[in-house]
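Engineer: Structure below; questions to follow.
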Amino acid sequence: MSDDIIGGIMATAGREPGRTAIIDGRGREISYGELARRVEAVRTAMTGTDGQTGTADRDGTDGGLRPGDGVLFAVRPGVDAVVLALGAVAAGGTLVLADPGLAPEVLGARMAATRPRWVVAESLLYTLSGPLKGLARRRGLLLPNLRDPLPGRPVRHLYTGPWLPGVPRAALRLSRILRSPGDSAPDTPDTSDPIAADQPAAVIFTSGTTARPRGVVHTRGSLAAGLALFRSAFPLGPGDVVHTDQLMLGLPALLAGATWSLPGEGDPAEEMAARGATHTFAVPVHLDRLLRRTPRLPETLRYLLLGAAPAPPAVLRRAIEAGPEVLSVYAMTEALPIAIASAREKLAQAEGDLLGAPLPGVGVRIADDGELFVSGPHLARRYLGEDPLEEIATGDLVRIEEGRLVLLGRKKDMILRDGVNIYPGLYEPAVAALPGVAEAAIVGLADPETGDEEVVLAVVPAGGYDEGLLRKALPAIIDAAALPDRIEPLDAFPRSGRADKLDRAALRDLVTRRA
């Protein structure tokens, strides 16, 4: 197994050039050989070694990407996204994901922290964040300014799709890069090169404030180590078909010589059956919806992985009845993955939520207060702008029974909705600063059937409070994925302790009774 994600995928392409690497959402296939050719073409274009970007651009930017440069990435899941992401990392870039719906203040802070020198995006997003920005906002879509993500700092652009208004004139076009003569897959690189393994590959923002956003920095080596742990947990090899839009399950497929099947717009069960899927991934709340429509999954499906949120027992039972082996993944952005347990093992656990035995090479430590700390080669190298990590505090309270981790509760007051982690403290101060709001707090109310949480914004109104105006103001300060399902005005918040701190448990009980 390579200790470098790029080297590992290229080595697989060298062994299996004619095998199908990816099936896109429309059912179109590309081989490993073609995947390697496209990745190398993107790498060559971004580093400037083909003459396209080797000189200064009109805006004065040095065209070639340098190792460590940030790459603002805004491409929806698909073959182009995989090619561009791998090509940018192969060129030495560090991916910075530009999620649609980010509040402008949050995005601005992230751009200031990463200072990207490249933007890789879809042409349509340039139009929606430029000429049609007003229309996009009226439709509730907030997009970063892709042409000028960090004013005063020139960037290079690479786009996919047709040229549209708003795309910078000097931008490179993916289709033109791929048509360039002489492109071919490179010789298999030296995957033991410590520089390649230690190169930052992605910054994934998880929490923090607009003044100090917290970005998790993964390297090519730490990602490769995490993917190796996934492969150690269940059989995966040539001939298997992995149906998912999740990178951390799709990339192990490419490393193993399997086929990565990207979901389309059709029925998931029908797509999996048509493509002969052997593995898939689901968030519990999405799986619950699927199994209510389709109680039996395709017979080809051997493994169903669950993640992103705890799965209620009812969902686990239906998943088992659907046919495949059901595995629940315990992971966090900083350490992917940590442990894996089967659904049957979890259902047999009398107290607490069984997470499973730590995977090979994963170090665990239980603090005096019961919080789990994790270490290992798959651990993110650092938080952006901070010292290297030796271990990471998970925020989860656990105990160890017969060598297996059992989750007792969450130390962090985090909300899980639709597979997305929501951190109330990131948004509450900005909401409380709005006109007509004296205090604001965000709490989650778990659905006992699905485990998904309703997000409730509780407010103490001040003079001039208007719920309609408040709702209109929220998209500018709260990410789209964290917008509340419900707003609950209260006369006062419950308090506890000598410092009269907000009692979140009592607040949850209060808004539950008022539902």
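Ligands are numbered from 1 in the order shown, residues from 1 within each chain, and chains are lettered A, B, ... in the order they appear in the structure tokens.
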Using only C-alpha atoms, which residues of stretch 292-381 of chain A come within 8 Å of stretch 395-401 of chain A, and what is the closest atom pair for each, with the distance in Å to one decimal? Give it as a Markdown table, sorted by chain and residue number.
Structural biologist:
| residue | atom | partner | partner_atom | distance |
| --- | --- | --- | --- | --- |
| A:Ile366 | CA | A:Val398 | CA | 7.5 |
| A:Asp369 | CA | A:Leu397 | CA | 7.8 |
| A:Gly370 | CA | A:Leu397 | CA | 5.0 |
| A:Glu371 | CA | A:Leu397 | CA | 4.4 |
| A:Leu372 | CA | A:Asp396 | CA | 5.9 |
Engineer: Save out the residues we just selected, all heavy atoms, as a PDB file, in the first residue's frame.
Structural biologist:
ATOM      1  N   ILE A 366      -7.975   7.411  27.004  1.00  0.00           N
ATOM      2  CA  ILE A 366      -9.167   7.899  27.699  1.00  0.00           C
ATOM      3  C   ILE A 366      -8.718   8.853  28.801  1.00  0.00           C
ATOM      4  O   ILE A 366      -7.964   8.468  29.700  1.00  0.00           O
ATOM      5  CB  ILE A 366      -9.987   6.752  28.311  1.00  0.00           C
ATOM      6  CG1 ILE A 366     -10.253   5.653  27.279  1.00  0.00           C
ATOM      7  CG2 ILE A 366     -11.288   7.291  28.890  1.00  0.00           C
ATOM      8  CD1 ILE A 366     -11.056   6.099  26.099  1.00  0.00           C
ATOM      9  N   ASP A 369     -11.708  12.526  32.482  1.00  0.00           N
ATOM     10  CA  ASP A 369     -13.141  12.825  32.423  1.00  0.00           C
ATOM     11  C   ASP A 369     -13.890  11.917  31.454  1.00  0.00           C
ATOM     12  O   ASP A 369     -15.086  12.098  31.223  1.00  0.00           O
ATOM     13  CB  ASP A 369     -13.366  14.287  32.038  1.00  0.00           C
ATOM     14  CG  ASP A 369     -12.845  14.626  30.641  1.00  0.00           C
ATOM     15  OD1 ASP A 369     -12.235  13.741  30.002  1.00  0.00           O
ATOM     16  OD2 ASP A 369     -13.048  15.776  30.194  1.00  0.00           O
ATOM     17  N   GLY A 370     -13.193  10.919  30.878  1.00  0.00           N
ATOM     18  CA  GLY A 370     -13.831   9.978  29.971  1.00  0.00           C
ATOM     19  C   GLY A 370     -13.753  10.352  28.511  1.00  0.00           C
ATOM     20  O   GLY A 370     -14.236   9.593  27.653  1.00  0.00           O
ATOM     21  N   GLU A 371     -13.147  11.485  28.188  1.00  0.00           N
ATOM     22  CA  GLU A 371     -13.068  11.897  26.787  1.00  0.00           C
ATOM     23  C   GLU A 371     -12.038  11.059  26.037  1.00  0.00           C
ATOM     24  O   GLU A 371     -10.945  10.773  26.539  1.00  0.00           O
ATOM     25  CB  GLU A 371     -12.704  13.376  26.668  1.00  0.00           C
ATOM     26  CG  GLU A 371     -12.692  13.855  25.224  1.00  0.00           C
ATOM     27  CD  GLU A 371     -12.414  15.343  25.087  1.00  0.00           C
ATOM     28  OE1 GLU A 371     -12.064  15.985  26.099  1.00  0.00           O
ATOM     29  OE2 GLU A 371     -12.553  15.860  23.960  1.00  0.00           O
ATOM     30  N   LEU A 372     -12.388  10.687  24.816  1.00  0.00           N
ATOM     31  CA  LEU A 372     -11.513   9.879  23.969  1.00  0.00           C
ATOM     32  C   LEU A 372     -10.548  10.769  23.189  1.00  0.00           C
ATOM     33  O   LEU A 372     -10.958  11.734  22.544  1.00  0.00           O
ATOM     34  CB  LEU A 372     -12.353   9.058  22.989  1.00  0.00           C
ATOM     35  CG  LEU A 372     -11.590   8.266  21.926  1.00  0.00           C
ATOM     36  CD1 LEU A 372     -10.746   7.166  22.572  1.00  0.00           C
ATOM     37  CD2 LEU A 372     -12.553   7.680  20.895  1.00  0.00           C
TER      38      LEU A 372
END
Engineer: Please provide the set of residues having any atom within 10 Å of A:Asp198, restricted to only C-alpha atoms, with same-chain residues fewer than 4 positions apart removed, written as a compact mmCIF listing (two decimals) with all heavy atoms, in the first residue's frame.
Structural biologist:
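Saved file selection_16.txt follows:
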# COMPACT_ATOMS: atom_id res chain seq x y z
N ASP A 3 2.19 5.07 0.61
CA ASP A 3 1.99 6.04 1.67
C ASP A 3 1.67 7.41 1.08
O ASP A 3 1.76 8.43 1.77
CB ASP A 3 3.21 6.11 2.59
CG ASP A 3 4.48 6.50 1.84
OD1 ASP A 3 4.42 6.70 0.62
OD2 ASP A 3 5.53 6.60 2.50
N ASP A 4 1.30 7.45 -0.19
CA ASP A 4 0.94 8.68 -0.87
C ASP A 4 -0.29 8.39 -1.73
O ASP A 4 -0.27 7.51 -2.59
CB ASP A 4 2.11 9.17 -1.73
CG ASP A 4 1.70 10.25 -2.72
OD1 ASP A 4 0.75 10.99 -2.43
OD2 ASP A 4 2.34 10.34 -3.78
N ASP A 193 8.54 8.57 -1.44
CA ASP A 193 9.09 9.91 -1.33
C ASP A 193 8.45 10.63 -0.15
O ASP A 193 7.27 10.93 -0.16
CB ASP A 193 8.80 10.68 -2.63
CG ASP A 193 9.37 12.09 -2.59
OD1 ASP A 193 9.94 12.48 -1.55
OD2 ASP A 193 9.24 12.81 -3.60
N PRO A 194 9.23 10.96 0.92
CA PRO A 194 8.62 11.56 2.11
C PRO A 194 8.07 12.95 1.85
O PRO A 194 7.16 13.40 2.51
CB PRO A 194 9.78 11.59 3.11
CG PRO A 194 11.03 11.60 2.27
CD PRO A 194 10.69 10.77 1.06
N HIS A 218 -4.98 17.94 6.08
CA HIS A 218 -4.57 16.57 5.79
C HIS A 218 -3.49 16.59 4.71
O HIS A 218 -3.51 17.43 3.81
CB HIS A 218 -5.75 15.73 5.32
CG HIS A 218 -6.50 15.05 6.41
ND1 HIS A 218 -5.97 13.99 7.14
CD2 HIS A 218 -7.74 15.27 6.93
CE1 HIS A 218 -6.85 13.59 8.04
NE2 HIS A 218 -7.92 14.35 7.94
N THR A 219 -2.57 15.64 4.81
CA THR A 219 -1.53 15.49 3.81
C THR A 219 -1.85 14.32 2.89
O THR A 219 -2.75 13.52 3.16
CB THR A 219 -0.17 15.24 4.47
OG1 THR A 219 -0.22 13.97 5.16
CG2 THR A 219 0.18 16.34 5.47
N ARG A 220 -1.08 14.19 1.83
CA ARG A 220 -1.24 13.03 0.95
C ARG A 220 -1.01 11.74 1.73
O ARG A 220 -1.68 10.73 1.51
CB ARG A 220 -0.27 13.15 -0.23
CG ARG A 220 -0.69 14.22 -1.21
CD ARG A 220 0.40 14.68 -2.16
NE ARG A 220 0.91 13.63 -3.03
CZ ARG A 220 1.53 13.88 -4.18
NH1 ARG A 220 1.68 15.13 -4.59
NH2 ARG A 220 2.00 12.89 -4.91
N GLY A 221 -0.09 11.78 2.68
CA GLY A 221 0.20 10.59 3.48
C GLY A 221 -0.88 10.26 4.48
O GLY A 221 -1.26 9.10 4.65
N SER A 222 -1.42 11.28 5.19
CA SER A 222 -2.45 11.00 6.19
C SER A 222 -3.73 10.51 5.53
O SER A 222 -4.42 9.63 6.06
CB SER A 222 -2.73 12.24 7.04
OG SER A 222 -3.29 13.29 6.28
N ARG A 381 -2.42 16.36 10.06
CA ARG A 381 -1.11 16.81 10.54
C ARG A 381 -1.20 18.00 11.49
O ARG A 381 -0.39 18.15 12.38
CB ARG A 381 -0.21 17.15 9.36
CG ARG A 381 0.22 15.94 8.56
CD ARG A 381 0.98 14.94 9.44
NE ARG A 381 1.35 13.72 8.73
CZ ARG A 381 0.74 12.56 8.86
NH1 ARG A 381 -0.29 12.45 9.69
NH2 ARG A 381 1.14 11.50 8.20
Engineer: Pick out the residues sitting within 7 Å of stretch 123-130 of chain A, and hand them over as a ChimeraX atom specification; count only C-alpha atoms, and ignore anything fewer than 4 positions along from it in its own chain.
Structural biologist: /A:136,143-146,159-167
Engineer: Taking all heavy atoms for each residue, export the selection above as a tab-separated table (two decimals), in the first residue's frame.
Structural biologist:
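File written: out_29.tsv
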chain	number	residue	atom	x	y	z
A	136	ALA	N	-29.29	34.67	-8.13
A	136	ALA	CA	-28.93	33.57	-7.23
A	136	ALA	C	-29.32	33.89	-5.80
A	136	ALA	O	-29.85	33.04	-5.07
A	136	ALA	CB	-27.43	33.29	-7.33
A	143	LEU	N	-23.15	32.37	-3.02
A	143	LEU	CA	-21.94	31.80	-3.61
A	143	LEU	C	-20.77	32.74	-3.39
A	143	LEU	O	-20.93	33.97	-3.39
A	143	LEU	CB	-22.14	31.58	-5.12
A	143	LEU	CG	-23.15	30.50	-5.50
A	143	LEU	CD1	-23.41	30.54	-7.01
A	143	LEU	CD2	-22.64	29.12	-5.11
A	144	PRO	N	-19.57	32.17	-3.23
A	144	PRO	CA	-18.39	33.03	-3.09
A	144	PRO	C	-18.08	33.74	-4.40
A	144	PRO	O	-18.47	33.29	-5.48
A	144	PRO	CB	-17.28	32.03	-2.72
A	144	PRO	CG	-17.74	30.73	-3.31
A	144	PRO	CD	-19.24	30.74	-3.18
A	145	ASN	N	-17.38	34.85	-4.32
A	145	ASN	CA	-16.92	35.55	-5.51
A	145	ASN	C	-15.73	34.79	-6.08
A	145	ASN	O	-14.59	34.97	-5.65
A	145	ASN	CB	-16.52	36.98	-5.15
A	145	ASN	CG	-16.08	37.78	-6.37
A	145	ASN	OD1	-15.96	37.24	-7.47
A	145	ASN	ND2	-15.83	39.06	-6.18
A	146	LEU	N	-15.99	33.92	-7.03
A	146	LEU	CA	-14.93	33.06	-7.54
A	146	LEU	C	-13.89	33.82	-8.36
A	146	LEU	O	-12.73	33.40	-8.41
A	146	LEU	CB	-15.54	31.94	-8.39
A	146	LEU	CG	-16.46	30.97	-7.64
A	146	LEU	CD1	-17.03	29.94	-8.60
A	146	LEU	CD2	-15.73	30.28	-6.50
A	159	TYR	N	-11.47	25.96	-15.23
A	159	TYR	CA	-12.90	25.68	-15.12
A	159	TYR	C	-13.31	24.49	-15.98
A	159	TYR	O	-12.63	24.12	-16.93
A	159	TYR	CB	-13.73	26.91	-15.51
A	159	TYR	CG	-13.73	27.25	-16.98
A	159	TYR	CD1	-14.78	26.84	-17.82
A	159	TYR	CD2	-12.70	27.99	-17.56
A	159	TYR	CE1	-14.80	27.17	-19.16
A	159	TYR	CE2	-12.71	28.33	-18.90
A	159	TYR	CZ	-13.76	27.91	-19.69
A	159	TYR	OH	-13.77	28.22	-21.03
A	160	THR	N	-14.44	23.91	-15.58
A	160	THR	CA	-15.04	22.83	-16.35
A	160	THR	C	-16.41	23.27	-16.82
A	160	THR	O	-17.08	24.05	-16.17
A	160	THR	CB	-15.15	21.54	-15.50
A	160	THR	OG1	-15.77	20.51	-16.28
A	160	THR	CG2	-15.98	21.76	-14.25
A	161	GLY	N	-16.82	22.76	-17.98
A	161	GLY	CA	-18.08	23.17	-18.58
A	161	GLY	C	-17.83	24.18	-19.69
A	161	GLY	O	-16.70	24.59	-19.94
A	162	PRO	N	-18.91	24.63	-20.36
A	162	PRO	CA	-18.76	25.60	-21.45
A	162	PRO	C	-18.40	26.98	-20.91
A	162	PRO	O	-18.69	27.29	-19.75
A	162	PRO	CB	-20.14	25.60	-22.10
A	162	PRO	CG	-21.07	25.27	-20.98
A	162	PRO	CD	-20.33	24.27	-20.12
A	163	TRP	N	-17.78	27.79	-21.78
A	163	TRP	CA	-17.52	29.16	-21.34
A	163	TRP	C	-18.85	29.88	-21.17
A	163	TRP	O	-19.74	29.80	-22.03
A	163	TRP	CB	-16.65	29.91	-22.35
A	163	TRP	CG	-16.26	31.27	-21.83
A	163	TRP	CD1	-15.14	31.58	-21.12
A	163	TRP	CD2	-17.01	32.49	-21.95
A	163	TRP	NE1	-15.14	32.91	-20.78
A	163	TRP	CE2	-16.28	33.50	-21.27
A	163	TRP	CE3	-18.23	32.81	-22.54
A	163	TRP	CZ2	-16.72	34.81	-21.18
A	163	TRP	CZ3	-18.68	34.13	-22.45
A	163	TRP	CH2	-17.92	35.12	-21.78
A	164	LEU	N	-18.98	30.61	-20.05
A	164	LEU	CA	-20.18	31.38	-19.76
A	164	LEU	C	-19.78	32.76	-19.27
A	164	LEU	O	-18.64	32.95	-18.80
A	164	LEU	CB	-21.03	30.67	-18.68
A	164	LEU	CG	-21.65	29.32	-19.05
A	164	LEU	CD1	-22.28	28.69	-17.82
A	164	LEU	CD2	-22.69	29.49	-20.16
A	165	PRO	N	-20.66	33.72	-19.35
A	165	PRO	CA	-20.35	35.05	-18.81
A	165	PRO	C	-19.93	34.96	-17.35
A	165	PRO	O	-20.57	34.26	-16.55
A	165	PRO	CB	-21.66	35.82	-18.98
A	165	PRO	CG	-22.36	35.14	-20.11
A	165	PRO	CD	-22.00	33.68	-19.99
A	166	GLY	N	-18.88	35.66	-17.01
A	166	GLY	CA	-18.36	35.63	-15.65
A	166	GLY	C	-17.08	34.83	-15.53
A	166	GLY	O	-16.30	35.03	-14.59
A	167	VAL	N	-16.83	33.90	-16.47
A	167	VAL	CA	-15.58	33.13	-16.44
A	167	VAL	C	-14.44	34.06	-16.86
A	167	VAL	O	-14.53	34.71	-17.92
A	167	VAL	CB	-15.65	31.92	-17.38
A	167	VAL	CG1	-14.30	31.22	-17.44
A	167	VAL	CG2	-16.73	30.95	-16.92
Engineer: Show which residues sit within 8 Å of A:Tyr427, as a PyMOL selection string. Count only C-alpha atoms, and ignore same-chain residues fewer than 4 positions away.
Structural biologist: chain A and resi 423+431+477-478
Engineer: Could you turn the residues from that selection into a file that holds N, CA and C atoms, as a PDB file, in the first residue's frame?
Structural biologist:
ATOM      1  N   TYR A 423     -22.274  23.521  14.534  1.00  0.00           N
ATOM      2  CA  TYR A 423     -21.707  24.026  15.767  1.00  0.00           C
ATOM      3  C   TYR A 423     -22.411  25.337  16.128  1.00  0.00           C
ATOM      4  N   VAL A 431     -26.260  36.075  15.372  1.00  0.00           N
ATOM      5  CA  VAL A 431     -27.725  36.160  15.435  1.00  0.00           C
ATOM      6  C   VAL A 431     -28.143  37.103  16.552  1.00  0.00           C
ATOM      7  N   ILE A 477     -25.650  35.215   7.587  1.00  0.00           N
ATOM      8  CA  ILE A 477     -24.742  34.962   8.709  1.00  0.00           C
ATOM      9  C   ILE A 477     -24.694  33.502   9.133  1.00  0.00           C
ATOM     10  N   ILE A 478     -25.564  32.670   8.566  1.00  0.00           N
ATOM     11  CA  ILE A 478     -25.581  31.243   8.906  1.00  0.00           C
ATOM     12  C   ILE A 478     -25.438  30.433   7.622  1.00  0.00           C
TER      13      ILE A 478
END
Engineer: Give me every helix (DSSP H, G or I) residue in stretch 164-368 of chain A, going by DSSP on the backbone, as an MDAnalysis selection string.
Structural biologist: chainID A and resid 174:179 194:198 220:233 247:256 268:275 284:293 313:321 343:348
Engineer: Between A:Leu132, A:Pro475, A:Arg139, A:Val119, which one has atoms that come closest to A:Pro154, using only C-alpha atoms?
Structural biologist: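 Ranking A:Leu132, A:Pro475, A:Arg139, A:Val119 by distance to A:Pro154, first place goes to A:Val119.
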Engineer: Give me the residues near A:Leu445 as a list of chain:residue names, where near means some atom within 7 Å (using only C-alpha atoms) and where sequence neighbours in that chain fewer than 4 positions away do not count.
Structural biologist: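 Within the cut-off, the hits are A:Glu453, A:Glu454, A:Val455, A:Arg508.
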Engineer: Could you dump the residues just selected with all heavy atoms as a PDB file, in the first residue's frame?
Structural biologist:
ATOM      1  N   GLU A 453     -31.535  15.339  13.737  1.00  0.00           N
ATOM      2  CA  GLU A 453     -31.915  16.374  14.689  1.00  0.00           C
ATOM      3  C   GLU A 453     -32.585  17.562  14.011  1.00  0.00           C
ATOM      4  O   GLU A 453     -32.111  18.045  12.978  1.00  0.00           O
ATOM      5  CB  GLU A 453     -30.700  16.840  15.486  1.00  0.00           C
ATOM      6  CG  GLU A 453     -30.144  15.764  16.410  1.00  0.00           C
ATOM      7  CD  GLU A 453     -28.989  16.262  17.263  1.00  0.00           C
ATOM      8  OE1 GLU A 453     -28.282  17.172  16.819  1.00  0.00           O
ATOM      9  OE2 GLU A 453     -28.806  15.737  18.362  1.00  0.00           O
ATOM     10  N   GLU A 454     -33.680  18.010  14.604  1.00  0.00           N
ATOM     11  CA  GLU A 454     -34.299  19.264  14.191  1.00  0.00           C
ATOM     12  C   GLU A 454     -33.476  20.401  14.784  1.00  0.00           C
ATOM     13  O   GLU A 454     -33.112  20.374  15.959  1.00  0.00           O
ATOM     14  CB  GLU A 454     -35.736  19.336  14.699  1.00  0.00           C
ATOM     15  CG  GLU A 454     -36.425  20.658  14.340  1.00  0.00           C
ATOM     16  CD  GLU A 454     -37.774  20.802  15.018  1.00  0.00           C
ATOM     17  OE1 GLU A 454     -37.964  20.174  16.074  1.00  0.00           O
ATOM     18  OE2 GLU A 454     -38.612  21.569  14.495  1.00  0.00           O
ATOM     19  N   VAL A 455     -33.174  21.412  13.970  1.00  0.00           N
ATOM     20  CA  VAL A 455     -32.388  22.554  14.435  1.00  0.00           C
ATOM     21  C   VAL A 455     -33.347  23.675  14.795  1.00  0.00           C
ATOM     22  O   VAL A 455     -34.113  24.151  13.949  1.00  0.00           O
ATOM     23  CB  VAL A 455     -31.395  23.026  13.357  1.00  0.00           C
ATOM     24  CG1 VAL A 455     -30.625  24.240  13.838  1.00  0.00           C
ATOM     25  CG2 VAL A 455     -30.439  21.894  13.002  1.00  0.00           C
ATOM     26  N   ARG A 508     -33.418  22.731  25.627  1.00  0.00           N
ATOM     27  CA  ARG A 508     -33.953  21.700  24.714  1.00  0.00           C
ATOM     28  C   ARG A 508     -35.306  21.192  25.215  1.00  0.00           C
ATOM     29  O   ARG A 508     -36.238  20.993  24.430  1.00  0.00           O
ATOM     30  CB  ARG A 508     -32.953  20.554  24.570  1.00  0.00           C
ATOM     31  CG  ARG A 508     -31.846  20.822  23.561  1.00  0.00           C
ATOM     32  CD  ARG A 508     -31.058  19.562  23.275  1.00  0.00           C
ATOM     33  NE  ARG A 508     -30.251  19.165  24.415  1.00  0.00           N
ATOM     34  CZ  ARG A 508     -29.002  19.566  24.609  1.00  0.00           C
ATOM     35  NH1 ARG A 508     -28.413  20.377  23.741  1.00  0.00           N
ATOM     36  NH2 ARG A 508     -28.315  19.169  25.666  1.00  0.00           N
TER      37      ARG A 508
END
Engineer: So that I can see what lies close to stretch 64-68 of chain A, please list as a compact mmCIF listing (two decimals) with C-alpha atoms, in the first residue's frame the residues with an atom at most 7 Å from it, counting only C-alpha atoms and leaving out residues fewer than 4 positions away in the same chain.
Structural biologist:
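Resulting contents of selection_14.txt:
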# COMPACT_ATOMS: atom_id res chain seq x y z
CA MET A 46 -1.35 23.71 -13.42
CA THR A 47 2.40 23.48 -12.89
CA GLY A 48 3.03 25.19 -16.23
CA THR A 53 0.90 28.56 -17.69
CA GLY A 54 4.64 29.03 -17.52
CA ALA A 91 0.54 19.39 -8.89
CA GLY A 92 1.30 20.22 -5.27
CA GLY A 93 -1.89 22.13 -4.49
CA THR A 94 -3.86 22.14 -1.27
CA PRO A 200 -0.63 19.17 2.42
Engineer: Taking into account only C-alpha atoms, which residue in the set A:Gly8, A:Pro424, A:Gly436, A:Gly376 is nearest to A:Gly463?
Structural biologist: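 Smallest distance to A:Gly463 is found for A:Gly436.
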Engineer: Skip A:Asp267 itself and residues of its chain fewer than 2 positions away, then list as an MDAnalysis selection string all residues within 12 Å of it, counting only C-alpha atoms.
Structural biologist: chainID A and resid 25 263:265 269:274 289:291 293:294 297
Engineer: Between atom CA of A:Ile6 and atom CA of A:Gly87, what is the distance in Å, rounded to a tenth?
Structural biologist: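 Result for atom CA of A:Ile6 versus atom CA of A:Gly87: 8.8 Å, one decimal.
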Engineer: Report the residues of stretch 138-383 of chain A whose backbone DSSP state falls under strand (DSSP E), written as a ChimeraX atom specification.
Structural biologist: /A:156-160,172-173,200-208,213-219,241-243,259-261,279-282,303-306,325-332,335-342,353-356,363-366,371-375,382-383
Engineer: When you draw a straight line from atom CA of A:Ala277 to atom CA of A:Arg15, how long is it in Å?
Structural biologist: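 Taking atom CA of A:Ala277 and atom CA of A:Arg15, their separation equals 22.2 Å.
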